[in-house]
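Asks: Have a look at this one before I ask anything.
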Amino acid sequence: MTQPVDAHAGALALLSNEAIANLHKETHLARGLPNAAFTSDEFLNLENDLLFPRTWMYCGRASAVVNAGDILPVRVAGRPLILMRGSDGELRVFHNVCLHRGALLVDQAQQGKAVLTCPYHQWSYGLDGNLRGRPHFDGHGKHDSAGSDANESVCLFGVATGMWHDWVFVNLDGRAQPFEDFIAPANEAYRDWDLSQFRFARHESFAFRCNWKLALENFIDAYHVFAVHPALDEAYVEETRSTATPGGPHAFTINELAGPGRGLTIDPDGPDLPTLKGLRQDLGSCQPSCNLVPNITMVISPGNLQFVTFEPDGPEQCTMNMSFYFVADAAEEAEHEEARQLVYAEWASLNVEDEDVCRRMQEGRACDAYDGGRLSPYWDLATIHFHRQIADILLDC
Ligand code: FES
Ligand SMILES: [Fe+2]
């Protein structure tokens with residue numbers, strides 16, 4: 001699937017010296033990535049081959065593979081992977097491909113498995129990825145058990161893996177910075193928030209008619225809230241609203257909520273949700289959010305959290321995957337069902353409002369005169385920082 005770098009010469013040419021110089025000007029003078037970065041198959045191929053494999057990418061929830069023998073197939077940038085929880089409690093990630101003829105091993109989540117058996121010729125693997133057996137390997141009835149025929153250890157192709165709370169990350173090319181360094185700015189930004197209290201409740205997907213980067217940029221664009229989400233706008237202390245600021249390759253911001261509530265549209269008469277225990281009082285009305293490069297955003301409200309990824313479905317379409325978390329038992333308890341439903345409904349309506357402006361940005365990318373934009377020095381810092389990170393990773397600098 002991956003093309004040699006030469007095959008990307010046309011797309012890489014979009015990142016000319018002039019384009020990079022424009023990205024790095026002061027925000028009000030800078031120009032964002034060119035239109036083709038949001039419209040062309042070539043640039044998306046470049047991202048699939050060089051951007052996503054070089055970085056740490058979210059691949060799944062640890063809480064989806066809690067018990068030994070749990071197996072979860074996922075895809076990251078089109079590559080099939082499996083998350084497996086071993087009998088030793090370790091969560092490992094492998095390429096979801098049999099070593100023999102390259103058949104996909106698993107296409108549905110499984111529980112309680114002791115071994116993984118390829119459906120094609122029934123080679124079997126332990127949950128640690130090591131080969132267990134190859135039936136009829138040396139002829140009919142002449143079976144091979146693991147390691148009997150060679151000195152090499154035979155193991156599924158492993159993937160570099162990092163864990164951050166419930167979120168499992170992979171680095172496909174194995175050459176990214178250490179995961180601890182990648183996630184350090186997030187640990188610093190959230191040192192006062194005990195994210196371990198959050199439990200997964202629900203996953204929802206939303207289709208956006210735009211390039212994945214535009215949907216993500218909209219998510220970290222605090223500017224549009226007054227215009228596109230007037231109800232949400234009232235939930236904030238207006239003077240505290242600002243753009244996210246860089247933290248390493250990522251970007252972080254904190255908004256202040258105007259009053260108690262679930263964290264979105266404030267309804268003082270709405271049902272309660274438990275909030276984080278032990279959170280410093282002065283942070284009780286704060287709502288931090290971030291972009292983790294490349295394709296993650298996250299919002300933490302006092303009683304809920306949204307972990308969001310944006311996946312391309314083509315150059316001009318993407319899916320927003322939103323996982324909802326609530327504090328401890330509030331993720332499941334019936335007494336909080338109404339409050340959870342309100343949070344889901346609020347995000348669904350926000351996403352409808354956002355999808356329309358994202359679609360407009362996408363359609364605007366067909367304008368030849370548009371050259372990356374005239375940006376606000378106050379609001380667009382996070383957007384231009386994001387563009388710079390994309391270019392840096394693609395140029396391997
Ligand atoms: S392809 Fe898996 S056993 Fe042959
Ligand atoms: Fe929005």
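As shown in the structure tokens, the chain order sets the letters A, B, ...; within each chain, residues go from 1, and ligands are also counted from 1 in the order they appear.
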For ligand 1, return the neighbouring residues as a list of chain:residue names (distance at most 12 Å; only C-alpha atoms and all ligand atoms).
Replies: A:Asn96, A:Val97, A:Cys98, A:Leu99, A:His100, A:Arg101, A:Gly102, A:Ala103, A:Leu104, A:Leu105, A:Val106, A:Leu116, A:Thr117, A:Cys118, A:Pro119, A:Tyr120, A:His121, A:Gln122, A:Trp123, A:Ser124, A:Tyr125, A:Leu131, A:Arg132, A:Gly133, A:Arg134, A:Pro135, A:His136, A:Phe137, A:Leu156
Asks: Report as a Markdown table the residues of chain A within 8 Å of ligand 2, each with its shortest atom pair and distance in Å (one decimal), using only C-alpha atoms and all ligand atoms, ordered by chain and increasing residue number.
Replies:
| residue | atom | partner | partner_atom_place_in_ligand_line | distance |
| --- | --- | --- | --- | --- |
| A:Asn218 | CA | ligand 2 | 1 (Fe) | 6.2 |
| A:Phe219 | CA | ligand 2 | 1 (Fe) | 5.8 |
| A:Asp221 | CA | ligand 2 | 1 (Fe) | 7.4 |
| A:Ala222 | CA | ligand 2 | 1 (Fe) | 7.7 |
| A:His224 | CA | ligand 2 | 1 (Fe) | 6.5 |
| A:Val225 | CA | ligand 2 | 1 (Fe) | 5.9 |
| A:Val228 | CA | ligand 2 | 1 (Fe) | 6.6 |
| A:His229 | CA | ligand 2 | 1 (Fe) | 6.6 |
| A:Leu350 | CA | ligand 2 | 1 (Fe) | 6.2 |
| A:Asn351 | CA | ligand 2 | 1 (Fe) | 6.9 |
| A:Glu353 | CA | ligand 2 | 1 (Fe) | 6.8 |
| A:Asp354 | CA | ligand 2 | 1 (Fe) | 4.8 |
Asks: Which neighbours of Ala13 (chain A) fall inside 12 Å, counting only C-alpha atoms, when residues of the same chain fewer than 5 positions from it are skipped, and could you give them as a PyMOL selection string?
Replies: chain A and resi 5-8+18-20+33-34+36-37+42-43+46+391+394-395
Asks: Any idea what the distance is between CA of Leu305 (chain A) and CA of Tyr325 (chain A)?
Replies: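 Separating CA of Leu305 (chain A) from CA of Tyr325 (chain A) is a distance of 4.9 Å.
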Asks: So, counting only C-alpha atoms, which residue among A:Glu338, A:Asp41, A:Asp192, A:Asp272 is closest to Gly284 (chain A)?
Replies: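 Of the candidates, the smallest distance to Gly284 (chain A) is held by A:Asp192.
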Asks: Find the residues of region 34-111 of chain A that sit at most 7 Å from region 309-315 of chain A; for each, write down the nearest two atoms and how far apart they are in Å, to one decimal. Count only C-alpha atoms. Sort by chain, then by number going up, and give it as a tab-separated table.
Replies:
residue	atom	partner	partner_atom	distance
A:Phe38	CA	A:Pro315	CA	6.2
A:Thr39	CA	A:Pro315	CA	5.2
A:Ser40	CA	A:Pro315	CA	5.8
A:Asp41	CA	A:Pro315	CA	5.8
A:Leu44	CA	A:Pro315	CA	5.9
Asks: Per residue of region 293-368 of chain A within 12 Å of region 382-389 of chain A, record the nearest atom pair and its distance in Å to one decimal, counting only C-alpha atoms, with rows in chain order and ascending residue number, as JSON lines.
Replies:
{"residue": "A:Val293", "atom": "CA", "partner": "A:Phe386", "partner_atom": "CA", "distance": 7.5}
{"residue": "A:Pro294", "atom": "CA", "partner": "A:Gln389", "partner_atom": "CA", "distance": 8.0}
{"residue": "A:Asn295", "atom": "CA", "partner": "A:Phe386", "partner_atom": "CA", "distance": 9.9}
{"residue": "A:Ile296", "atom": "CA", "partner": "A:Phe386", "partner_atom": "CA", "distance": 11.4}
{"residue": "A:Thr297", "atom": "CA", "partner": "A:Phe386", "partner_atom": "CA", "distance": 11.8}
Asks: Based on the backbone DSSP call, show me all residues of region 42-128 of chain A assigned strand (DSSP E or B), as a tab-separated table (two decimals) with C-alpha atoms, in the first residue's frame.
Replies:
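What follows is the written file part12.tsv:
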chain	number	residue	atom	x	y	z
A	57	MET	CA	-1.88	7.29	16.17
A	58	TYR	CA	-4.81	6.36	18.39
A	59	CYS	CA	-5.86	2.79	17.64
A	60	GLY	CA	-8.46	1.75	20.22
A	61	ARG	CA	-9.66	1.68	23.81
A	71	ILE	CA	-9.22	-9.59	20.72
A	72	LEU	CA	-10.21	-6.47	18.82
A	73	PRO	CA	-9.54	-5.82	15.12
A	74	VAL	CA	-9.08	-2.16	14.18
A	75	ARG	CA	-7.72	-0.16	11.27
A	76	VAL	CA	-5.23	2.68	11.51
A	79	ARG	CA	-3.71	-0.85	8.05
A	80	PRO	CA	-5.44	-3.80	9.74
A	81	LEU	CA	-4.27	-4.27	13.35
A	82	ILE	CA	-5.36	-6.39	16.31
A	83	LEU	CA	-5.37	-5.50	19.97
A	84	MET	CA	-5.00	-8.62	22.14
A	85	ARG	CA	-5.05	-8.97	25.94
A	91	LEU	CA	-2.24	-5.54	25.98
A	92	ARG	CA	-0.34	-6.02	22.75
A	93	VAL	CA	-0.92	-4.74	19.23
A	94	PHE	CA	0.01	-6.69	16.11
A	95	HIS	CA	-0.61	-6.38	12.42
A	97	VAL	CA	-2.05	-10.47	9.11
A	104	LEU	CA	-6.51	-11.22	7.55
A	110	GLN	CA	-13.67	-11.98	20.06
A	115	VAL	CA	-5.15	-18.92	20.65
A	116	LEU	CA	-5.73	-17.15	17.41
A	117	THR	CA	-6.21	-19.44	14.43
A	124	SER	CA	-2.28	-20.75	15.24
A	125	TYR	CA	-0.76	-18.03	17.40
A	126	GLY	CA	-0.72	-17.40	21.14
Asks: Which of these residues is nearest to Ala258 (chain A), using only C-alpha atoms: A:Thr275, A:Thr245, A:Gln287, A:Gln108?
Replies: A:Gln287
Asks: For a quick check of understanding, using only C-alpha atoms, which of A:Asp128, A:Phe252, A:Ala11, A:Arg54 has the smallest distance to Ala68 (chain A)?
Replies: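 Selected residue with least distance to Ala68 (chain A): A:Asp128.
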